[in-house]
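What's in my_file33.cif: mmCIF, C-alpha atoms and all ligand atoms
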```
data_coords
loop_
_atom_site.label_atom_id
_atom_site.label_comp_id
_atom_site.auth_asym_id
_atom_site.auth_seq_id
_atom_site.Cartn_x
_atom_site.Cartn_y
_atom_site.Cartn_z
CA MET W 1 139.37 40.85 86.03
CA ALA W 2 140.48 44.27 87.11
CA ASP W 3 138.87 47.23 88.74
CA ALA W 4 137.60 49.82 86.31
CA SER W 5 139.27 53.13 86.87
CA VAL W 6 137.15 55.18 89.19
CA ALA W 7 135.70 58.03 87.18
CA LYS W 8 136.42 61.54 88.22
CA PRO W 9 133.12 62.55 89.83
CA MET W 10 133.12 65.86 88.02
CA SER W 11 133.38 64.43 84.55
CA SER W 12 129.70 64.45 83.66
CA ALA W 13 128.89 68.09 83.08
CA VAL W 14 127.62 67.07 79.62
CA GLY W 15 129.91 69.51 77.92
CA ALA W 16 128.22 72.59 79.35
CA GLU W 17 129.86 75.21 81.52
CA SER W 18 129.01 74.18 85.08
CA ILE W 19 127.03 76.47 87.34
CA VAL W 20 127.07 74.25 90.43
CA GLN W 21 129.64 71.69 91.48
CA ILE W 22 129.37 69.67 94.67
CA LYS W 23 132.52 67.72 95.47
CA ASP W 24 132.65 64.88 97.98
CA LEU W 25 130.32 66.65 100.41
CA HIS W 26 129.91 65.10 103.86
CA VAL W 27 127.27 66.70 106.11
CA GLY W 28 126.15 65.55 109.54
CA PHE W 29 123.54 66.78 112.00
CA LYS W 30 124.25 67.06 115.69
CA VAL W 31 121.31 65.67 117.60
CA PHE W 32 120.69 64.63 121.16
CA GLY W 33 122.63 61.41 121.60
CA GLY W 34 124.99 61.68 118.66
CA LEU W 35 125.62 62.60 115.08
CA LEU W 36 123.48 61.78 112.06
CA LYS W 37 125.87 61.17 109.16
CA VAL W 38 123.49 62.20 106.39
CA LEU W 39 125.47 63.22 103.30
CA ASN W 40 128.18 60.65 102.66
CA GLY W 41 130.35 62.17 99.93
CA VAL W 42 127.90 63.71 97.47
CA ASN W 43 129.18 64.60 94.00
CA MET W 44 127.06 66.55 91.56
CA VAL W 45 127.42 68.90 88.61
CA VAL W 46 124.78 71.17 87.11
CA GLY W 47 125.52 72.67 83.70
CA ARG W 48 124.39 76.14 82.62
CA GLY W 49 120.87 75.92 81.24
CA GLU W 50 120.60 72.27 82.26
CA LYS W 51 117.56 70.79 84.04
CA ILE W 52 118.62 68.27 86.67
CA GLY W 53 116.43 65.95 88.70
CA ILE W 54 117.41 64.52 92.08
CA VAL W 55 115.26 61.47 92.73
CA GLY W 56 115.13 59.36 95.87
CA GLU W 57 113.09 58.36 98.88
CA THR W 58 112.07 60.81 101.56
CA GLY W 59 114.96 61.26 103.97
CA CYS W 60 117.73 60.37 101.50
CA GLY W 61 119.38 63.81 101.73
CA LYS W 62 117.96 65.59 98.67
CA THR W 63 116.93 68.74 100.53
CA THR W 64 120.16 68.83 102.55
CA THR W 65 122.10 68.68 99.27
CA VAL W 66 120.34 71.66 97.70
CA LYS W 67 120.28 73.71 100.90
CA SER W 68 124.06 73.35 100.98
CA ILE W 69 124.22 75.24 97.67
CA LEU W 70 122.53 78.30 99.13
CA ARG W 71 124.29 77.88 102.48
CA ILE W 72 120.98 77.64 104.27
CA LEU W 73 121.58 74.42 106.19
CA PRO W 74 120.09 74.47 109.69
CA GLY W 75 122.30 75.41 112.65
CA GLU W 76 122.81 71.82 113.81
CA ALA W 77 124.34 70.84 110.45
CA ARG W 78 128.11 70.33 110.22
CA ILE W 79 130.11 70.12 107.00
CA PHE W 80 132.94 67.68 107.62
CA HIS W 81 134.43 67.53 104.19
CA GLY W 82 133.93 68.68 100.63
CA GLU W 83 133.23 71.76 98.60
CA VAL W 84 130.25 73.50 97.05
CA LEU W 85 131.05 75.76 94.11
CA PHE W 86 128.60 78.20 92.55
CA GLN W 87 129.95 79.60 89.30
CA ASP W 88 133.38 78.33 90.34
CA LYS W 89 133.33 80.14 93.71
CA ASN W 90 133.40 78.21 96.96
CA VAL W 91 130.08 79.07 98.63
CA TYR W 92 131.57 78.48 102.09
CA LYS W 93 134.38 80.95 101.51
CA MET W 94 132.20 83.72 100.13
CA HIS W 95 132.16 87.15 101.76
CA PRO W 96 128.74 88.27 103.08
CA HIS W 97 128.16 90.53 100.05
CA GLU W 98 128.97 87.65 97.65
CA LEU W 99 126.57 85.40 99.54
CA GLN W 100 123.88 88.05 99.36
CA LYS W 101 124.45 88.28 95.62
CA LEU W 102 124.22 84.49 95.28
CA ARG W 103 120.84 84.47 97.03
CA GLY W 104 119.55 87.68 95.46
CA GLN W 105 120.69 87.25 91.87
CA GLY W 106 122.33 83.84 91.48
CA ALA W 107 119.83 81.28 92.66
CA SER W 108 116.34 81.05 94.06
CA MET W 109 114.40 78.23 95.65
CA ILE W 110 110.79 77.17 95.91
CA PHE W 111 109.59 74.75 98.52
CA GLN W 112 107.11 71.92 98.89
CA ASP W 113 104.68 73.90 101.01
CA PRO W 114 103.79 77.28 99.49
CA THR W 115 101.69 78.16 102.55
CA ALA W 116 104.70 77.97 104.83
CA ALA W 117 106.89 79.81 102.31
CA LEU W 118 104.60 82.87 102.20
CA ASN W 119 104.16 85.29 105.08
CA PRO W 120 100.44 85.31 106.00
CA VAL W 121 100.39 88.87 107.31
CA PHE W 122 101.73 90.63 104.22
CA THR W 123 100.13 90.99 100.79
CA LEU W 124 101.75 89.24 97.84
CA GLY W 125 102.65 92.69 96.52
CA GLU W 126 104.54 93.58 99.69
CA GLN W 127 106.39 90.27 99.67
CA ILE W 128 107.44 90.32 96.04
CA SER W 129 108.45 93.99 96.25
CA GLU W 130 110.69 93.18 99.21
CA ILE W 131 112.38 90.43 97.21
CA ILE W 132 112.91 92.66 94.17
CA SER W 133 114.22 95.60 96.18
CA HIS W 134 116.74 93.39 98.03
CA SER W 135 117.88 91.53 94.93
CA GLY W 136 120.27 94.30 94.01
CA THR W 137 118.77 94.48 90.53
CA GLN W 138 116.54 97.49 91.29
CA PRO W 139 117.63 100.57 93.23
CA GLU W 140 115.72 100.82 96.49
CA GLY W 141 112.92 103.35 96.56
CA LYS W 142 112.00 103.03 92.88
CA LYS W 143 108.53 101.94 93.78
CA GLU W 144 106.96 102.20 90.36
CA ALA W 145 109.70 100.18 88.65
CA ILE W 146 109.42 97.51 91.33
CA LYS W 147 105.65 97.34 90.90
CA ILE W 148 105.98 96.90 87.13
CA LEU W 149 108.39 94.00 87.63
CA ALA W 150 106.13 92.45 90.28
CA VAL W 151 102.99 92.58 88.13
CA LYS W 152 104.94 91.19 85.18
CA ALA W 153 106.14 88.28 87.32
CA PHE W 154 102.60 87.47 88.51
CA ARG W 155 101.38 87.61 84.92
CA GLU W 156 104.18 85.29 83.71
CA ALA W 157 103.27 82.87 86.48
CA THR W 158 99.77 82.83 84.94
CA LEU W 159 98.08 84.27 88.00
CA PRO W 160 94.77 85.84 87.00
CA ASP W 161 94.36 89.60 87.40
CA ALA W 162 98.02 90.25 88.16
CA GLU W 163 97.37 93.85 89.33
CA ARG W 164 94.94 92.64 91.95
CA MET W 165 97.45 90.04 93.16
CA MET W 166 99.48 92.92 94.58
CA GLU W 167 96.75 93.51 97.18
CA THR W 168 95.96 89.84 97.81
CA TYR W 169 96.89 87.91 100.97
CA PRO W 170 98.11 84.29 100.70
CA PHE W 171 95.03 82.90 102.50
CA GLN W 172 92.83 84.25 99.70
CA LEU W 173 94.44 81.88 97.17
CA SER W 174 94.18 78.15 96.48
CA GLY W 175 97.24 75.93 96.98
CA GLY W 176 98.04 75.92 93.26
CA MET W 177 97.81 79.71 93.05
CA ARG W 178 100.04 80.07 96.11
CA GLN W 179 102.68 77.92 94.46
CA ARG W 180 102.39 80.05 91.30
CA ALA W 181 102.91 83.12 93.50
CA CYS W 182 106.06 81.50 94.93
CA ILE W 183 107.29 80.79 91.39
CA ALA W 184 106.62 84.44 90.47
CA MET W 185 108.66 85.59 93.47
CA ALA W 186 111.49 83.21 92.68
CA LEU W 187 111.64 84.42 89.08
CA ALA W 188 110.79 88.10 89.51
CA THR W 189 114.42 89.06 89.00
CA PRO W 190 116.97 87.38 86.70
CA ARG W 191 118.63 84.30 88.20
CA ASP W 192 120.95 81.63 86.86
CA LEU W 193 119.54 78.74 88.87
CA MET W 194 116.14 77.69 90.15
CA ILE W 195 115.95 75.05 92.87
CA ALA W 196 112.52 73.46 93.25
CA ASP W 197 112.06 71.14 96.23
CA GLU W 198 109.08 68.83 95.60
CA PRO W 199 107.13 71.84 94.25
CA THR W 200 103.97 69.91 93.41
CA THR W 201 103.78 67.33 96.19
CA ASN W 202 101.28 69.31 98.27
CA LEU W 203 99.10 70.24 95.31
CA ASP W 204 95.96 68.68 93.96
CA VAL W 205 96.83 66.02 91.35
CA THR W 206 94.86 67.88 88.69
CA ILE W 207 97.04 70.99 88.92
CA GLN W 208 100.43 69.35 89.52
CA ASP W 209 100.99 69.05 85.79
CA GLN W 210 100.10 72.68 85.10
CA VAL W 211 102.50 73.96 87.77
CA LEU W 212 105.33 71.72 86.54
CA ARG W 213 104.81 72.81 82.96
CA LEU W 214 104.77 76.46 84.01
CA LEU W 215 108.01 76.02 85.94
CA LYS W 216 109.69 74.23 83.03
CA ASN W 217 108.55 76.83 80.49
CA LEU W 218 109.71 79.78 82.58
CA VAL W 219 113.09 78.18 83.26
CA ASP W 220 113.51 77.38 79.53
CA GLN W 221 112.51 80.87 78.41
CA ARG W 222 115.11 82.40 80.68
CA GLY W 223 117.85 79.88 79.86
CA MET W 224 118.17 79.12 83.57
CA SER W 225 119.43 75.92 85.16
CA LEU W 226 116.98 73.90 87.23
CA ILE W 227 117.47 71.46 90.08
CA LEU W 228 114.21 69.63 90.69
CA ILE W 229 113.91 67.47 93.78
CA THR W 230 111.28 64.81 93.52
CA HIS W 231 110.47 61.36 94.85
CA SER W 232 108.71 60.65 91.54
CA LEU W 233 110.64 59.33 88.55
CA GLY W 234 107.57 60.21 86.45
CA VAL W 235 107.83 63.90 87.38
CA ALA W 236 111.58 63.90 86.69
CA ARG W 237 111.00 62.24 83.32
CA GLU W 238 108.67 65.03 82.21
CA THR W 239 110.86 67.88 83.35
CA THR W 240 114.59 67.14 83.33
CA ASP W 241 117.57 66.56 81.01
CA ARG W 242 119.57 64.49 83.45
CA ILE W 243 118.71 62.57 86.61
CA TYR W 244 120.73 61.87 89.74
CA ILE W 245 119.43 58.92 91.72
CA MET W 246 120.13 59.46 95.42
CA TYR W 247 120.14 56.88 98.17
CA ALA W 248 120.93 57.45 101.86
CA GLY W 249 123.25 60.39 101.40
CA ASN W 250 124.96 59.25 98.19
CA MET W 251 124.40 59.82 94.51
CA VAL W 252 124.26 56.25 93.23
CA GLU W 253 123.58 56.78 89.52
CA VAL W 254 123.49 59.66 87.07
CA ALA W 255 122.58 59.65 83.40
CA ARG W 256 120.58 61.50 80.81
CA THR W 257 116.89 61.17 81.59
CA ALA W 258 116.08 58.85 78.68
CA GLU W 259 119.06 56.63 79.54
CA ILE W 260 117.94 56.21 83.17
CA PHE W 261 114.69 54.70 81.88
CA GLU W 262 116.23 52.70 79.02
CA ARG W 263 119.33 51.37 80.78
CA PRO W 264 119.02 51.63 84.57
CA LEU W 265 122.00 49.91 86.17
CA HIS W 266 122.22 50.49 89.92
CA PRO W 267 120.12 47.96 91.87
CA TYR W 268 118.38 50.85 93.65
CA THR W 269 117.46 52.51 90.34
CA THR W 270 116.06 49.28 88.93
CA GLY W 271 114.09 48.86 92.16
CA LEU W 272 112.66 52.37 91.80
CA LEU W 273 111.67 51.74 88.22
CA SER W 274 109.92 48.52 89.13
CA CYS W 275 107.78 50.62 91.51
CA ILE W 276 106.60 53.05 88.86
CA PRO W 277 103.14 51.50 88.38
CA LYS W 278 102.58 52.10 92.07
CA LEU W 279 103.79 55.67 91.93
CA THR W 280 100.56 57.46 91.27
CA GLY W 281 99.35 57.25 94.83
CA GLY W 282 102.47 57.31 96.92
CA GLY W 283 106.20 57.06 97.44
CA VAL W 284 108.82 55.49 95.27
CA ALA W 285 110.01 52.75 97.54
CA GLU W 286 106.99 50.56 97.99
CA GLY W 287 108.53 47.75 95.96
CA ILE W 288 111.99 47.79 97.58
CA PRO W 289 112.01 45.81 100.82
CA GLY W 290 113.64 47.49 103.81
CA ARG W 291 114.18 51.12 104.62
CA ILE W 292 116.81 53.85 104.58
CA PRO W 293 119.52 53.06 107.16
CA ASP W 294 119.87 54.65 110.57
CA TYR W 295 122.09 57.67 109.93
CA MET W 296 123.49 57.45 113.46
CA ASN W 297 124.99 54.09 112.60
CA PRO W 298 124.97 53.66 108.80
CA PRO W 299 126.45 50.61 107.00
CA ALA W 300 130.24 50.88 106.74
CA GLY W 301 130.41 50.05 103.02
CA CYS W 302 127.70 50.55 100.43
CA ARG W 303 124.73 52.05 102.23
CA PHE W 304 122.32 50.11 100.03
CA GLU W 305 123.89 46.76 101.00
CA PRO W 306 121.26 45.71 103.59
CA ARG W 307 118.53 46.04 100.91
CA CYS W 308 120.47 45.03 97.83
CA PRO W 309 119.53 41.75 96.13
CA LYS W 310 122.98 41.65 94.45
CA ALA W 311 125.15 42.48 97.48
CA MET W 312 128.58 40.87 97.69
CA GLU W 313 131.05 40.50 100.55
CA ARG W 314 133.00 43.56 99.41
CA CYS W 315 129.89 45.75 99.62
CA LYS W 316 129.83 45.39 103.41
CA LYS W 317 133.27 46.93 103.85
CA GLU W 318 133.93 49.43 101.04
CA LYS W 319 132.05 52.38 99.67
CA PRO W 320 131.66 52.26 95.86
CA GLU W 321 132.53 55.46 93.98
CA PHE W 322 131.15 56.53 90.62
CA VAL W 323 132.48 54.67 87.57
CA GLU W 324 131.82 55.62 83.95
CA VAL W 325 129.60 53.07 82.25
CA GLY W 326 128.69 55.03 79.14
CA LYS W 327 128.39 58.54 77.78
CA ASP W 328 127.31 60.82 80.64
CA HIS W 329 126.38 57.73 82.62
CA GLN W 330 127.97 56.93 85.98
CA VAL W 331 127.10 54.33 88.60
CA ALA W 332 128.36 53.86 92.14
CA CYS W 333 128.21 50.08 92.47
CA PHE W 334 130.86 47.33 92.61
CA LEU W 335 128.98 45.30 90.01
CA TYR W 336 130.33 47.75 87.43
CA TYR W 337 133.92 47.72 88.68
CA GLN W 338 134.43 44.39 86.99
CA VAL W 339 136.21 44.78 83.64
CA PRO W 340 136.91 41.57 81.72
CA GLN W 341 140.32 41.18 80.05
CA ASN W 342 138.81 41.90 76.62
CA GLY W 343 137.98 45.38 77.92
CA VAL W 344 134.23 45.03 77.55
CA GLN W 345 132.52 46.38 80.64
CA HIS W 346 130.23 44.05 82.55
CA HIS W 347 126.87 45.63 83.31
CA GLY W 348 125.45 43.26 85.88
FE1 LIG Q 401 124.45 46.29 95.81
FE2 LIG Q 401 127.06 46.06 96.29
FE3 LIG Q 401 126.21 47.53 94.25
FE4 LIG Q 401 125.86 48.35 96.75
S1 LIG Q 401 127.83 48.07 95.70
S2 LIG Q 401 124.36 48.42 95.13
S3 LIG Q 401 125.44 46.42 97.80
S4 LIG Q 401 125.99 45.31 94.50
#
```
When written as structure tokens, how does the structure in this file appear?
Ligand code: SF4
Amino acid sequence: MADASVAKPMSSAVGAESIVQIKDLHVGFKVFGGLLKVLNGVNMVVGRGEKIGIVGETGCGKTTTVKSILRILPGEARIFHGEVLFQDKNVYKMHPHELQKLRGQGASMIFQDPTAALNPVFTLGEQISEIISHSGTQPEGKKEAIKILAVKAFREATLPDAERMMETYPFQLSGGMRQRACIAMALATPRDLMIADEPTTNLDVTIQDQVLRLLKNLVDQRGMSLILITHSLGVARETTDRIYIMYAGNMVEVARTAEIFERPLHPYTTGLLSCIPKLTGGGVAEGIPGRIPDYMNPPAGCRFEPRCPKAMERCKKEKPEFVEVGKDHQVACFLYYQVPQNGVQHHG
């Protein structure tokens, strides 16, 4: 038996030109009493026009990962190692004008809570106009052109009476309509990437589907890439081309969406899938005993080891890296490092 060669983490861009690459990213948070070691060497690639899901329990580092792309991590965050590239440029070496361009024209983000994302004291028209005028795609002062773009965006986000939306305040809308308004603002000007952080979690179950479908359609029509954060494998299945499974600051498995469901390999992924019948009402982890480790003092080896039914001695001491286990399929688990002499890979 020999160790399988450790796959290059960047090898799974499914043939497409990559728009985002995250390489071995380690991020910690300074807190009273110490350091929370949250991201533990995250690797991720998003291809142009590709729809990616990041699935994992609350607190596993999904939001920290995507905030690192836009360089909007909170002040207490520290990047200890790694790189984040947007269209091959290191986001953390960008000049202020490049960063402004990234946020104004490159990527946009919508959040879980549309109420918090909107400013209650300004009309939707004022807020969307501000975004358009600062995007760099419309010369400032061209009020009429900005208004046309704004109304078009509201209409595309299927908000009723788009003209009237310009004069509407956020409190006058339902939660679903507020999230549609956020989608309109995020897509009012051309972007290459949309990041959606649990965009339907706070919405009524009956409209979650509509909002997801809207988001998917708009992203497809524009040929944009999408990163969708969700704790629900069901939501990711409906919306994405490829899924990254994340656990405690690491990507532990990545594959095409259908493959994740047909051939899940990492013990955490199989645990998540066994929870699916319970998903409708709650989180993903109900069926996996234990909880995410203490980030102040995480396990030295595989972070899933304390909860893993297949843990071995080695798992306590070493961190597993991604290995290729099939086309566009990588797993970070020692079970898949074992390669028999006949060259056939053992899959647990
Ligand atoms: Fe379990 Fe070990 Fe694989 Fe981690 S590396 S998931 S502890 S078998």
Counting only C-alpha atoms, what is within 10 Å of segment 95-102 of chain W, bar same-chain residues fewer than 5 positions away, as a PDB file with C-alpha atoms, in the frame of the given file?
```
ATOM      1  CA  ILE W  69     124.220  75.240  97.670  1.00  0.00           C
ATOM      2  CA  LEU W  70     122.530  78.300  99.130  1.00  0.00           C
ATOM      3  CA  ARG W  71     124.290  77.880 102.480  1.00  0.00           C
ATOM      4  CA  PHE W  86     128.600  78.200  92.550  1.00  0.00           C
ATOM      5  CA  GLN W  87     129.950  79.600  89.300  1.00  0.00           C
ATOM      6  CA  LYS W  89     133.330  80.140  93.710  1.00  0.00           C
ATOM      7  CA  ALA W 107     119.830  81.280  92.660  1.00  0.00           C
ATOM      8  CA  SER W 108     116.340  81.050  94.060  1.00  0.00           C
ATOM      9  CA  HIS W 134     116.740  93.390  98.030  1.00  0.00           C
ATOM     10  CA  SER W 135     117.880  91.530  94.930  1.00  0.00           C
ATOM     11  CA  GLY W 136     120.270  94.300  94.010  1.00  0.00           C
ATOM     12  CA  THR W 137     118.770  94.480  90.530  1.00  0.00           C
ATOM     13  CA  ARG W 191     118.630  84.300  88.200  1.00  0.00           C
ATOM     14  CA  ASP W 192     120.950  81.630  86.860  1.00  0.00           C
ATOM     15  CA  LEU W 193     119.540  78.740  88.870  1.00  0.00           C
TER      16      LEU W 193
END
```
Surrounding residues as a PyMOL selection string, ligand LIG 401 (chain Q), max 9 Å, all atoms listed in the file: chain W and resi 252+266-268+301-316+318-321+331-336+348
Requested write-out: C-alpha atoms of the selected residues, as a compact mmCIF listing (two decimals), in the coordinates of the input:
```txt
# COMPACT_ATOMS: atom_id res chain seq x y z
CA VAL W 252 124.26 56.25 93.23
CA HIS W 266 122.22 50.49 89.92
CA PRO W 267 120.12 47.96 91.87
CA TYR W 268 118.38 50.85 93.65
CA GLY W 301 130.41 50.05 103.02
CA CYS W 302 127.70 50.55 100.43
CA ARG W 303 124.73 52.05 102.23
CA PHE W 304 122.32 50.11 100.03
CA GLU W 305 123.89 46.76 101.00
CA PRO W 306 121.26 45.71 103.59
CA ARG W 307 118.53 46.04 100.91
CA CYS W 308 120.47 45.03 97.83
CA PRO W 309 119.53 41.75 96.13
CA LYS W 310 122.98 41.65 94.45
CA ALA W 311 125.15 42.48 97.48
CA MET W 312 128.58 40.87 97.69
CA GLU W 313 131.05 40.50 100.55
CA ARG W 314 133.00 43.56 99.41
CA CYS W 315 129.89 45.75 99.62
CA LYS W 316 129.83 45.39 103.41
CA GLU W 318 133.93 49.43 101.04
CA LYS W 319 132.05 52.38 99.67
CA PRO W 320 131.66 52.26 95.86
CA GLU W 321 132.53 55.46 93.98
CA VAL W 331 127.10 54.33 88.60
CA ALA W 332 128.36 53.86 92.14
CA CYS W 333 128.21 50.08 92.47
CA PHE W 334 130.86 47.33 92.61
CA LEU W 335 128.98 45.30 90.01
CA TYR W 336 130.33 47.75 87.43
CA GLY W 348 125.45 43.26 85.88
```
Contacts of segment 44-57 of chain W within 6 Å, all atoms listed in the file, excl. fewer than 2 positions in-chain, as JSON, numbers by chain: {"W": [13, 16, 17, 18, 19, 20, 21, 22, 60, 223, 224, 225, 226, 227, 228, 229, 230, 231, 236, 240, 241, 242, 243, 244, 245, 246]}
Same residues, C-alpha atoms, saved as an mmCIF file, in the frame of the given file:
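As written to disk, out-v7.cif reads:
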```cif
data_model
loop_
_atom_site.group_PDB
_atom_site.id
_atom_site.type_symbol
_atom_site.label_atom_id
_atom_site.label_comp_id
_atom_site.auth_asym_id
_atom_site.auth_seq_id
_atom_site.Cartn_x
_atom_site.Cartn_y
_atom_site.Cartn_z
ATOM 1 C CA ALA W 13 128.890 68.090 83.080
ATOM 2 C CA ALA W 16 128.220 72.590 79.350
ATOM 3 C CA GLU W 17 129.860 75.210 81.520
ATOM 4 C CA SER W 18 129.010 74.180 85.080
ATOM 5 C CA ILE W 19 127.030 76.470 87.340
ATOM 6 C CA VAL W 20 127.070 74.250 90.430
ATOM 7 C CA GLN W 21 129.640 71.690 91.480
ATOM 8 C CA ILE W 22 129.370 69.670 94.670
ATOM 9 C CA CYS W 60 117.730 60.370 101.500
ATOM 10 C CA GLY W 223 117.850 79.880 79.860
ATOM 11 C CA MET W 224 118.170 79.120 83.570
ATOM 12 C CA SER W 225 119.430 75.920 85.160
ATOM 13 C CA LEU W 226 116.980 73.900 87.230
ATOM 14 C CA ILE W 227 117.470 71.460 90.080
ATOM 15 C CA LEU W 228 114.210 69.630 90.690
ATOM 16 C CA ILE W 229 113.910 67.470 93.780
ATOM 17 C CA THR W 230 111.280 64.810 93.520
ATOM 18 C CA HIS W 231 110.470 61.360 94.850
ATOM 19 C CA ALA W 236 111.580 63.900 86.690
ATOM 20 C CA THR W 240 114.590 67.140 83.330
ATOM 21 C CA ASP W 241 117.570 66.560 81.010
ATOM 22 C CA ARG W 242 119.570 64.490 83.450
ATOM 23 C CA ILE W 243 118.710 62.570 86.610
ATOM 24 C CA TYR W 244 120.730 61.870 89.740
ATOM 25 C CA ILE W 245 119.430 58.920 91.720
ATOM 26 C CA MET W 246 120.130 59.460 95.420
#
```
Find the residues around segment 75-82 of chain W up to 9 Å (all atoms listed in the file counted), leave out those fewer than 4 positions away in its own chain, and share them as a PDB file with C-alpha atoms, in the coordinates of the input.
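So result.pdb came out as:
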```pdb
ATOM      1  CA  ILE W  22     129.370  69.670  94.670  1.00  0.00           C
ATOM      2  CA  LYS W  23     132.520  67.720  95.470  1.00  0.00           C
ATOM      3  CA  ASP W  24     132.650  64.880  97.980  1.00  0.00           C
ATOM      4  CA  LEU W  25     130.320  66.650 100.410  1.00  0.00           C
ATOM      5  CA  HIS W  26     129.910  65.100 103.860  1.00  0.00           C
ATOM      6  CA  VAL W  27     127.270  66.700 106.110  1.00  0.00           C
ATOM      7  CA  GLY W  28     126.150  65.550 109.540  1.00  0.00           C
ATOM      8  CA  PHE W  29     123.540  66.780 112.000  1.00  0.00           C
ATOM      9  CA  LYS W  30     124.250  67.060 115.690  1.00  0.00           C
ATOM     10  CA  VAL W  31     121.310  65.670 117.600  1.00  0.00           C
ATOM     11  CA  GLY W  41     130.350  62.170  99.930  1.00  0.00           C
ATOM     12  CA  VAL W  42     127.900  63.710  97.470  1.00  0.00           C
TER      13      VAL W  42
END
```
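Atom CA of Thr168 of chain W to atom CA of Thr123 of chain W spans 5.3 Å [interatomic distance, one decimal].
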Rebuild all heavy atoms on segment 72-77 of chain W, as an mmCIF file, in the frame of the given file?
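For reference, rebuild-v7.cif as written:
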```cif
data_model
loop_
_atom_site.group_PDB
_atom_site.id
_atom_site.type_symbol
_atom_site.label_atom_id
_atom_site.label_comp_id
_atom_site.auth_asym_id
_atom_site.auth_seq_id
_atom_site.Cartn_x
_atom_site.Cartn_y
_atom_site.Cartn_z
ATOM 1 N N ILE W 72 122.107 77.439 103.362
ATOM 2 C CA ILE W 72 120.980 77.640 104.270
ATOM 3 C C ILE W 72 120.690 76.363 105.073
ATOM 4 O O ILE W 72 119.549 76.086 105.428
ATOM 5 C CB ILE W 72 119.693 78.117 103.533
ATOM 6 C CG1 ILE W 72 119.335 77.154 102.377
ATOM 7 C CG2 ILE W 72 119.832 79.536 103.019
ATOM 8 C CD1 ILE W 72 117.969 77.439 101.749
ATOM 9 N N LEU W 73 121.742 75.612 105.356
ATOM 10 C CA LEU W 73 121.580 74.420 106.190
ATOM 11 C C LEU W 73 121.225 74.863 107.604
ATOM 12 O O LEU W 73 121.666 75.926 108.051
ATOM 13 C CB LEU W 73 122.879 73.606 106.216
ATOM 14 C CG LEU W 73 123.231 72.887 104.913
ATOM 15 C CD1 LEU W 73 124.672 72.385 104.953
ATOM 16 C CD2 LEU W 73 122.268 71.735 104.657
ATOM 17 N N PRO W 74 120.437 74.079 108.324
ATOM 18 C CA PRO W 74 120.090 74.470 109.690
ATOM 19 C C PRO W 74 121.317 74.495 110.604
ATOM 20 O O PRO W 74 122.352 73.906 110.296
ATOM 21 C CB PRO W 74 119.086 73.389 110.125
ATOM 22 C CG PRO W 74 119.228 72.279 109.160
ATOM 23 C CD PRO W 74 119.802 72.834 107.892
ATOM 24 N N GLY W 75 121.166 75.170 111.744
ATOM 25 C CA GLY W 75 122.300 75.410 112.650
ATOM 26 C C GLY W 75 122.971 74.147 113.158
ATOM 27 O O GLY W 75 124.170 74.142 113.449
ATOM 28 N N GLU W 76 122.220 73.052 113.263
ATOM 29 C CA GLU W 76 122.810 71.820 113.810
ATOM 30 C C GLU W 76 123.618 71.043 112.762
ATOM 31 O O GLU W 76 124.237 70.030 113.071
ATOM 32 C CB GLU W 76 121.744 70.918 114.442
ATOM 33 C CG GLU W 76 120.667 70.398 113.504
ATOM 34 C CD GLU W 76 119.480 71.344 113.346
ATOM 35 O OE1 GLU W 76 119.652 72.553 113.593
ATOM 36 O OE2 GLU W 76 118.398 70.873 112.945
ATOM 37 N N ALA W 77 123.599 71.539 111.519
ATOM 38 C CA ALA W 77 124.340 70.840 110.450
ATOM 39 C C ALA W 77 125.834 71.155 110.549
ATOM 40 O O ALA W 77 126.227 72.266 110.901
ATOM 41 C CB ALA W 77 123.815 71.268 109.087
#
```
